[in-house]
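One structure is given here, and the rest of the page talks about it.
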Amino acid sequence: MLTKEIVLDALKNVKYPGFEKDIVTFGFVKDIDINETNVFVEVEITAASEEIATEVKAGVVKAVMNAGASRVDVAIKQPKAPVQKSNSQSGKNIVPHIRNFVMVSSGKGGVGKSTTTTNLAVALASQGKKVGLLDADIYGPNIPRMLGVVGKSPEIVGQKVKPILAHGVEMMSMGSLMEEGQSLIWRGSMIMKAIEQLLRDILWSDLDVLFIDMPPGTGDAQLTLAQSVPVTTGVCVTTPQQVALDDTARSLDMFQKLHIPIAGIVENMSGFICPDTNKEYDIFGKGTTKPLAQKFNTQVMGEIPIEPAVRECGDAGKPIVVAYPTSETAKRYQAAARKLWEEIEKVNEEGGVSNEAIQPTVGINGAPSACSTTSHGG
């Protein structure tokens, strides 16, 4: 005789597409109704993709039929795909099957931008979202090491390249497409072309979110990205020192000029957690980012402390949210990822990002610069 417990146990064999976890573990099974050998299952998923919904439905039917059901009816609840508007000069979107783009930027190097991007992406994937990570930091492509895929070559399919899957995240990086240790001596135009190709020529899945780890500063790469896809929101990474905050203000100003809603700021190296006592010390300061966030009408998404395990895990290719999920740092990354998703949903509910074109003007030495007309808070 079929029972809910038997059906639920059978559904643990249904993996959510692209993940190692099953739909029961993710909490996606919302209702089970049994009438003799007829079974009704309601599943709520986070992806708007019809392909994922079809795959989940087929898996549920197969699993429950194998458990002894004669008929299985499945209701799949999923969010509607948002109608994206463009915040770019060109108005184009060269990867329209990706629902949301998150630009992660920093005013200067060395503030932990790539570490933050990696842990936010893995954290959001662990929360059931279909996540990709594009390492657009052309001169410093560190993401492969942080995800543990150094030396792993991507699969070539025709004229396209399949992203590398690591810790539930689809990843592509120049570091995976070139010899280890090889330098890139490229002008701005080559960087712009490379970023377009990393978007267009990679076989990304129907992602809920594609994180884009940008080079430090406010230059050609940032403008190219905003011209190529409708960036849903931006995240800025900083440290508590004033010299870092000065540069962070420039990054936040860039988001406004490119009409990219600001999800928030991540304050990295915010305090130090002693591994012996777990006591926290504010050796570099803490909380100094809040006035800047208020100035730009946004939030501090997380204050991430210095913890030796973060560096160790990054070097070992296993992000701290995976290696030590109960650590204070991992909890703060998870909380920041939840805040980010809330901001993404808010932007989409408000109708997507602005479709007002940015008209380039001539800046210093004849270089194009974007004119700001409206401030968009996160």
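A note on labels: chains of the structure tokens are A, B, ... as shown, every chain counts residues from 1, and ligands are counted from 1 in their shown order.
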
- Query: Can you list, as number ranges by chain, every protein, DNA or RNA residue that comes within 10 Å of segment 111-120 of chain A when you count only C-alpha atoms, leaving out same-chain residues fewer than 6 positions away?
  - Reply: A: 102-105, 126, 133-135, 137, 140-144, 146-147, 169, 171, 211-216, 235-240, 244, 266-269, 304, 310-311, 313-314, 318-322, 329-330, 332-338, 340

What does the file look like for those residues with C-alpha atoms, as a PDB file, in the first residue's frame?
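Wrote selection_24.pdb, looks like this:
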ATOM      1  CA  VAL A 102      24.982  40.320 -11.398  1.00  0.00           C
ATOM      2  CA  MET A 103      28.059  42.493 -11.931  1.00  0.00           C
ATOM      3  CA  VAL A 104      30.495  42.195  -9.016  1.00  0.00           C
ATOM      4  CA  SER A 105      32.924  45.078  -8.972  1.00  0.00           C
ATOM      5  CA  SER A 126      23.147  25.817  -2.424  1.00  0.00           C
ATOM      6  CA  LEU A 133      30.005  32.445 -12.771  1.00  0.00           C
ATOM      7  CA  LEU A 134      31.881  34.259 -15.519  1.00  0.00           C
ATOM      8  CA  ASP A 135      35.422  35.216 -14.533  1.00  0.00           C
ATOM      9  CA  ASP A 137      38.823  39.561 -14.539  1.00  0.00           C
ATOM     10  CA  GLY A 140      43.758  38.112 -12.799  1.00  0.00           C
ATOM     11  CA  PRO A 141      41.594  35.038 -13.499  1.00  0.00           C
ATOM     12  CA  ASN A 142      41.628  33.417 -10.048  1.00  0.00           C
ATOM     13  CA  ILE A 143      38.194  31.769 -10.048  1.00  0.00           C
ATOM     14  CA  PRO A 144      39.418  28.370 -11.406  1.00  0.00           C
ATOM     15  CA  MET A 146      39.052  29.064  -5.948  1.00  0.00           C
ATOM     16  CA  LEU A 147      36.623  26.496  -7.389  1.00  0.00           C
ATOM     17  CA  VAL A 169      28.072  26.428 -10.286  1.00  0.00           C
ATOM     18  CA  MET A 171      32.047  28.517 -14.495  1.00  0.00           C
ATOM     19  CA  PHE A 211      27.648  36.311 -11.659  1.00  0.00           C
ATOM     20  CA  ILE A 212      30.282  38.309 -13.527  1.00  0.00           C
ATOM     21  CA  ASP A 213      33.521  38.871 -11.640  1.00  0.00           C
ATOM     22  CA  MET A 214      34.815  42.129 -13.142  1.00  0.00           C
ATOM     23  CA  PRO A 215      38.356  43.500 -13.252  1.00  0.00           C
ATOM     24  CA  PRO A 216      38.999  46.145 -10.574  1.00  0.00           C
ATOM     25  CA  VAL A 235      27.439  44.338  -6.043  1.00  0.00           C
ATOM     26  CA  CYS A 236      30.467  46.274  -4.835  1.00  0.00           C
ATOM     27  CA  VAL A 237      33.190  44.710  -2.669  1.00  0.00           C
ATOM     28  CA  THR A 238      35.362  46.821  -0.388  1.00  0.00           C
ATOM     29  CA  THR A 239      37.412  46.736   2.792  1.00  0.00           C
ATOM     30  CA  PRO A 240      36.811  49.057   5.772  1.00  0.00           C
ATOM     31  CA  ALA A 244      39.347  51.498  -0.225  1.00  0.00           C
ATOM     32  CA  VAL A 266      30.013  43.641   0.823  1.00  0.00           C
ATOM     33  CA  GLU A 267      32.480  44.843   3.468  1.00  0.00           C
ATOM     34  CA  ASN A 268      35.308  42.308   3.318  1.00  0.00           C
ATOM     35  CA  MET A 269      38.078  41.892   5.912  1.00  0.00           C
ATOM     36  CA  ILE A 304      32.768  39.357   6.101  1.00  0.00           C
ATOM     37  CA  VAL A 310      38.745  31.628   3.928  1.00  0.00           C
ATOM     38  CA  ARG A 311      42.248  31.854   2.470  1.00  0.00           C
ATOM     39  CA  CYS A 313      39.727  27.122   1.376  1.00  0.00           C
ATOM     40  CA  GLY A 314      40.261  29.466  -1.568  1.00  0.00           C
ATOM     41  CA  LYS A 318      36.818  24.463  -1.832  1.00  0.00           C
ATOM     42  CA  PRO A 319      34.958  27.690  -0.876  1.00  0.00           C
ATOM     43  CA  ILE A 320      34.311  28.169   2.828  1.00  0.00           C
ATOM     44  CA  VAL A 321      30.526  27.952   2.346  1.00  0.00           C
ATOM     45  CA  VAL A 322      31.140  24.346   1.234  1.00  0.00           C
ATOM     46  CA  THR A 329      31.942  33.545   7.647  1.00  0.00           C
ATOM     47  CA  ALA A 330      29.913  30.953   5.725  1.00  0.00           C
ATOM     48  CA  ARG A 332      27.393  35.667   6.587  1.00  0.00           C
ATOM     49  CA  TYR A 333      27.952  34.736   2.926  1.00  0.00           C
ATOM     50  CA  GLN A 334      24.694  32.766   2.943  1.00  0.00           C
ATOM     51  CA  ALA A 335      22.839  35.719   4.451  1.00  0.00           C
ATOM     52  CA  ALA A 336      24.378  38.057   1.853  1.00  0.00           C
ATOM     53  CA  ALA A 337      23.293  35.698  -0.945  1.00  0.00           C
ATOM     54  CA  ARG A 338      19.714  35.742   0.368  1.00  0.00           C
ATOM     55  CA  LEU A 340      21.078  39.609  -3.101  1.00  0.00           C
TER      56      LEU A 340
END

- Query: Which parts of segment 30-142 of chain A does DSSP call strand (DSSP E or B) when run on the backbone here, written out as a PyMOL selection string?
  - Reply: chain A and resi 30-35+38-44+71-77+101-105+131-135

- Could you give me the residues within segment 32-275 of chain A that DSSP places in alpha helix (DSSP H), as number ranges by chain? A: 50-66, 113-126, 143-146, 188-200, 220-228, 242-257

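Between Gly234 of chain A and the candidates A:Ile262, A:Ala136, A:Ala249, A:Leu210, the tightest atom-to-atom separation, counting only C-alpha atoms, involves A:Ile262.
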
- Query: By how many Å are atom CA of Val300 of chain A and atom CA of Gly264 of chain A apart?
  - Reply: 5.5 Å

- How far is it from atom CA of Ile98 of chain A to atom CA of Glu345 of chain A, in Å with one decimal?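 Here the two named atoms are 14.6 Å from each other.
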
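For the pair atom CA of Ile260 of chain A and atom CA of Ile344 of chain A, the separation is 11.6 Å.
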
- Message: Env of segment 271-276 of chain A: 7 Å cut, atoms = only C-alpha atoms, seq-sep filter 4 positions within chain, self excluded. Answer as a count of residues only.
- Response: 10

- Message: Measuring between only C-alpha atoms, which one of A:Lys290, A:His97, A:Lys12, A:Lys129 shows the shortest distance to Asp208 of chain A?
- Response: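 Closest candidate: A:Lys129.
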
- Message: From the options A:His259, A:Arg200, A:Lys152, A:His167, which residue's atoms come nearest to Glu20 of chain A, counting only C-alpha atoms?
- Response: A:His167

- Message: Report as an MDAnalysis selection string all protein, DNA and RNA residues lying within 12 Å of Lys21 of chain A, evaluated on only C-alpha atoms, omitting residues in the same chain fewer than 5 positions from it.
- Response: chainID A and resid 11:16 26:28 125:129 167:168

Could you take the residues named above and write them with C-alpha atoms, as a short mmCIF file (atom, residue, chain, number, x, y, z; two decimals), in the first residue's frame?
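part_32.cif, written as the output of this step:
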data_model
loop_
_atom_site.label_atom_id
_atom_site.label_comp_id
_atom_site.auth_asym_id
_atom_site.auth_seq_id
_atom_site.Cartn_x
_atom_site.Cartn_y
_atom_site.Cartn_z
CA LEU A 11 11.24 11.33 -4.61
CA LYS A 12 14.64 11.49 -2.94
CA ASN A 13 15.91 9.81 -6.10
CA VAL A 14 14.91 12.82 -8.21
CA LYS A 15 17.94 15.10 -8.47
CA TYR A 16 17.29 18.76 -9.23
CA PHE A 26 15.81 21.25 -1.38
CA GLY A 27 12.29 21.38 0.08
CA PHE A 28 10.65 21.63 -3.34
CA ALA A 125 23.45 27.63 -5.76
CA SER A 126 23.15 25.82 -2.42
CA GLN A 127 19.87 27.71 -1.91
CA GLY A 128 18.42 26.06 -5.02
CA LYS A 129 19.16 28.59 -7.75
CA HIS A 167 30.29 23.04 -6.47
CA GLY A 168 26.94 23.38 -8.27
#

- With only C-alpha atoms as the atoms that count, which of A:Arg145, A:Glu5, A:Lys108, A:Ala69 lies nearest to Ala166 of chain A?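 Once distances to Ala166 of chain A are computed over only C-alpha atoms, the minimum belongs to A:Arg145.
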
Selection: 12 Å around segment 70-75 of chain A, only C-alpha atoms, excl. self and same-chain fewer than 4 positions, as a PDB file with N, CA and C atoms, in the first residue's frame:
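And here is the file that came out, out36.pdb:
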ATOM      1  N   MET A   1       0.846  -1.195   0.000  1.00  0.00           N
ATOM      2  CA  MET A   1       0.000   0.000   0.000  1.00  0.00           C
ATOM      3  C   MET A   1       0.888   1.255   0.000  1.00  0.00           C
ATOM      4  N   LEU A   2       0.586   2.155  -0.913  1.00  0.00           N
ATOM      5  CA  LEU A   2       1.358   3.383  -1.003  1.00  0.00           C
ATOM      6  C   LEU A   2       1.043   4.331   0.154  1.00  0.00           C
ATOM      7  N   VAL A   7       6.232   7.486  -0.949  1.00  0.00           N
ATOM      8  CA  VAL A   7       6.356   8.393  -2.100  1.00  0.00           C
ATOM      9  C   VAL A   7       7.484   9.401  -1.865  1.00  0.00           C
ATOM     10  N   PHE A  28      11.495  21.246  -2.215  1.00  0.00           N
ATOM     11  CA  PHE A  28      10.649  21.629  -3.337  1.00  0.00           C
ATOM     12  C   PHE A  28       9.330  20.842  -3.399  1.00  0.00           C
ATOM     13  N   VAL A  29       9.235  19.726  -2.679  1.00  0.00           N
ATOM     14  CA  VAL A  29       7.998  18.938  -2.679  1.00  0.00           C
ATOM     15  C   VAL A  29       7.022  19.571  -1.693  1.00  0.00           C
ATOM     16  N   LYS A  30       5.915  20.097  -2.203  1.00  0.00           N
ATOM     17  CA  LYS A  30       4.986  20.859  -1.374  1.00  0.00           C
ATOM     18  C   LYS A  30       3.742  20.069  -0.967  1.00  0.00           C
ATOM     19  N   ASP A  31       3.361  19.074  -1.761  1.00  0.00           N
ATOM     20  CA  ASP A  31       2.132  18.337  -1.430  1.00  0.00           C
ATOM     21  C   ASP A  31       2.155  16.963  -2.079  1.00  0.00           C
ATOM     22  N   ILE A  32       1.641  15.986  -1.366  1.00  0.00           N
ATOM     23  CA  ILE A  32       1.477  14.629  -1.893  1.00  0.00           C
ATOM     24  C   ILE A  32       0.078  14.163  -1.519  1.00  0.00           C
ATOM     25  N   ASP A  33      -0.683  13.728  -2.514  1.00  0.00           N
ATOM     26  CA  ASP A  33      -2.035  13.218  -2.261  1.00  0.00           C
ATOM     27  C   ASP A  33      -2.155  11.840  -2.901  1.00  0.00           C
ATOM     28  N   ILE A  34      -2.661  10.854  -2.130  1.00  0.00           N
ATOM     29  CA  ILE A  34      -2.720   9.472  -2.609  1.00  0.00           C
ATOM     30  C   ILE A  34      -4.158   8.956  -2.542  1.00  0.00           C
ATOM     31  N   ASN A  35      -4.619   8.396  -3.646  1.00  0.00           N
ATOM     32  CA  ASN A  35      -5.921   7.727  -3.724  1.00  0.00           C
ATOM     33  C   ASN A  35      -5.692   6.344  -4.300  1.00  0.00           C
ATOM     34  N   GLU A  36      -5.587   5.368  -3.380  1.00  0.00           N
ATOM     35  CA  GLU A  36      -5.223   3.997  -3.747  1.00  0.00           C
ATOM     36  C   GLU A  36      -3.860   3.994  -4.442  1.00  0.00           C
ATOM     37  N   THR A  37      -3.815   3.739  -5.769  1.00  0.00           N
ATOM     38  CA  THR A  37      -2.521   3.732  -6.457  1.00  0.00           C
ATOM     39  C   THR A  37      -2.357   4.952  -7.368  1.00  0.00           C
ATOM     40  N   ASN A  38      -3.269   5.909  -7.218  1.00  0.00           N
ATOM     41  CA  ASN A  38      -3.150   7.163  -7.961  1.00  0.00           C
ATOM     42  C   ASN A  38      -2.483   8.207  -7.060  1.00  0.00           C
ATOM     43  N   VAL A  39      -1.467   8.867  -7.581  1.00  0.00           N
ATOM     44  CA  VAL A  39      -0.684   9.793  -6.760  1.00  0.00           C
ATOM     45  C   VAL A  39      -0.618  11.166  -7.433  1.00  0.00           C
ATOM     46  N   PHE A  40      -0.836  12.188  -6.610  1.00  0.00           N
ATOM     47  CA  PHE A  40      -0.662  13.567  -7.068  1.00  0.00           C
ATOM     48  C   PHE A  40       0.491  14.186  -6.288  1.00  0.00           C
ATOM     49  N   VAL A  41       1.412  14.815  -7.009  1.00  0.00           N
ATOM     50  CA  VAL A  41       2.571  15.459  -6.374  1.00  0.00           C
ATOM     51  C   VAL A  41       2.654  16.897  -6.850  1.00  0.00           C
ATOM     52  N   GLU A  42       2.784  17.822  -5.889  1.00  0.00           N
ATOM     53  CA  GLU A  42       2.997  19.226  -6.231  1.00  0.00           C
ATOM     54  C   GLU A  42       4.429  19.602  -5.901  1.00  0.00           C
ATOM     55  N   VAL A  43       5.123  20.153  -6.891  1.00  0.00           N
ATOM     56  CA  VAL A  43       6.530  20.538  -6.737  1.00  0.00           C
ATOM     57  C   VAL A  43       6.668  22.013  -7.090  1.00  0.00           C
ATOM     58  N   GLU A  44       7.359  22.755  -6.233  1.00  0.00           N
ATOM     59  CA  GLU A  44       7.611  24.169  -6.506  1.00  0.00           C
ATOM     60  C   GLU A  44       9.106  24.362  -6.708  1.00  0.00           C
ATOM     61  N   ILE A  45       9.505  24.824  -7.903  1.00  0.00           N
ATOM     62  CA  ILE A  45      10.917  25.010  -8.205  1.00  0.00           C
ATOM     63  C   ILE A  45      11.230  26.496  -8.350  1.00  0.00           C
ATOM     64  N   ALA A  53      11.573  22.330 -15.709  1.00  0.00           N
ATOM     65  CA  ALA A  53      10.274  21.861 -15.227  1.00  0.00           C
ATOM     66  C   ALA A  53       9.924  20.503 -15.847  1.00  0.00           C
ATOM     67  N   THR A  54      10.176  20.363 -17.136  1.00  0.00           N
ATOM     68  CA  THR A  54       9.884  19.102 -17.834  1.00  0.00           C
ATOM     69  C   THR A  54      10.740  17.970 -17.291  1.00  0.00           C
ATOM     70  N   GLU A  55      12.011  18.255 -17.042  1.00  0.00           N
ATOM     71  CA  GLU A  55      12.920  17.227 -16.525  1.00  0.00           C
ATOM     72  C   GLU A  55      12.525  16.795 -15.115  1.00  0.00           C
ATOM     73  N   VAL A  56      12.153  17.761 -14.276  1.00  0.00           N
ATOM     74  CA  VAL A  56      11.721  17.434 -12.921  1.00  0.00           C
ATOM     75  C   VAL A  56      10.440  16.591 -12.961  1.00  0.00           C
ATOM     76  N   LYS A  57       9.497  17.003 -13.788  1.00  0.00           N
ATOM     77  CA  LYS A  57       8.225  16.277 -13.899  1.00  0.00           C
ATOM     78  C   LYS A  57       8.449  14.830 -14.327  1.00  0.00           C
ATOM     79  N   ALA A  58       9.303  14.623 -15.333  1.00  0.00           N
ATOM     80  CA  ALA A  58       9.588  13.268 -15.808  1.00  0.00           C
ATOM     81  C   ALA A  58      10.239  12.436 -14.708  1.00  0.00           C
ATOM     82  N   GLY A  59      11.134  13.058 -13.954  1.00  0.00           N
ATOM     83  CA  GLY A  59      11.794  12.346 -12.862  1.00  0.00           C
ATOM     84  C   GLY A  59      10.831  11.941 -11.772  1.00  0.00           C
ATOM     85  N   VAL A  60       9.883  12.824 -11.438  1.00  0.00           N
ATOM     86  CA  VAL A  60       8.880  12.527 -10.411  1.00  0.00           C
ATOM     87  C   VAL A  60       7.990  11.366 -10.851  1.00  0.00           C
ATOM     88  N   VAL A  61       7.508  11.418 -12.089  1.00  0.00           N
ATOM     89  CA  VAL A  61       6.639  10.351 -12.605  1.00  0.00           C
ATOM     90  C   VAL A  61       7.359   9.008 -12.556  1.00  0.00           C
ATOM     91  N   LYS A  62       8.592   8.980 -13.032  1.00  0.00           N
ATOM     92  CA  LYS A  62       9.350   7.735 -13.056  1.00  0.00           C
ATOM     93  C   LYS A  62       9.579   7.186 -11.649  1.00  0.00           C
ATOM     94  N   ALA A  63       9.978   8.053 -10.721  1.00  0.00           N
ATOM     95  CA  ALA A  63      10.282   7.608  -9.355  1.00  0.00           C
ATOM     96  C   ALA A  63       9.046   7.064  -8.647  1.00  0.00           C
ATOM     97  N   VAL A  64       7.920   7.762  -8.804  1.00  0.00           N
ATOM     98  CA  VAL A  64       6.704   7.349  -8.100  1.00  0.00           C
ATOM     99  C   VAL A  64       6.092   6.101  -8.754  1.00  0.00           C
ATOM    100  N   MET A  65       6.183   5.989 -10.057  1.00  0.00           N
ATOM    101  CA  MET A  65       5.714   4.762 -10.735  1.00  0.00           C
ATOM    102  C   MET A  65       6.537   3.563 -10.276  1.00  0.00           C
ATOM    103  N   ASN A  66       7.845   3.757 -10.132  1.00  0.00           N
ATOM    104  CA  ASN A  66       8.704   2.664  -9.652  1.00  0.00           C
ATOM    105  C   ASN A  66       8.373   2.262  -8.222  1.00  0.00           C
TER     106      ASN A  66
END
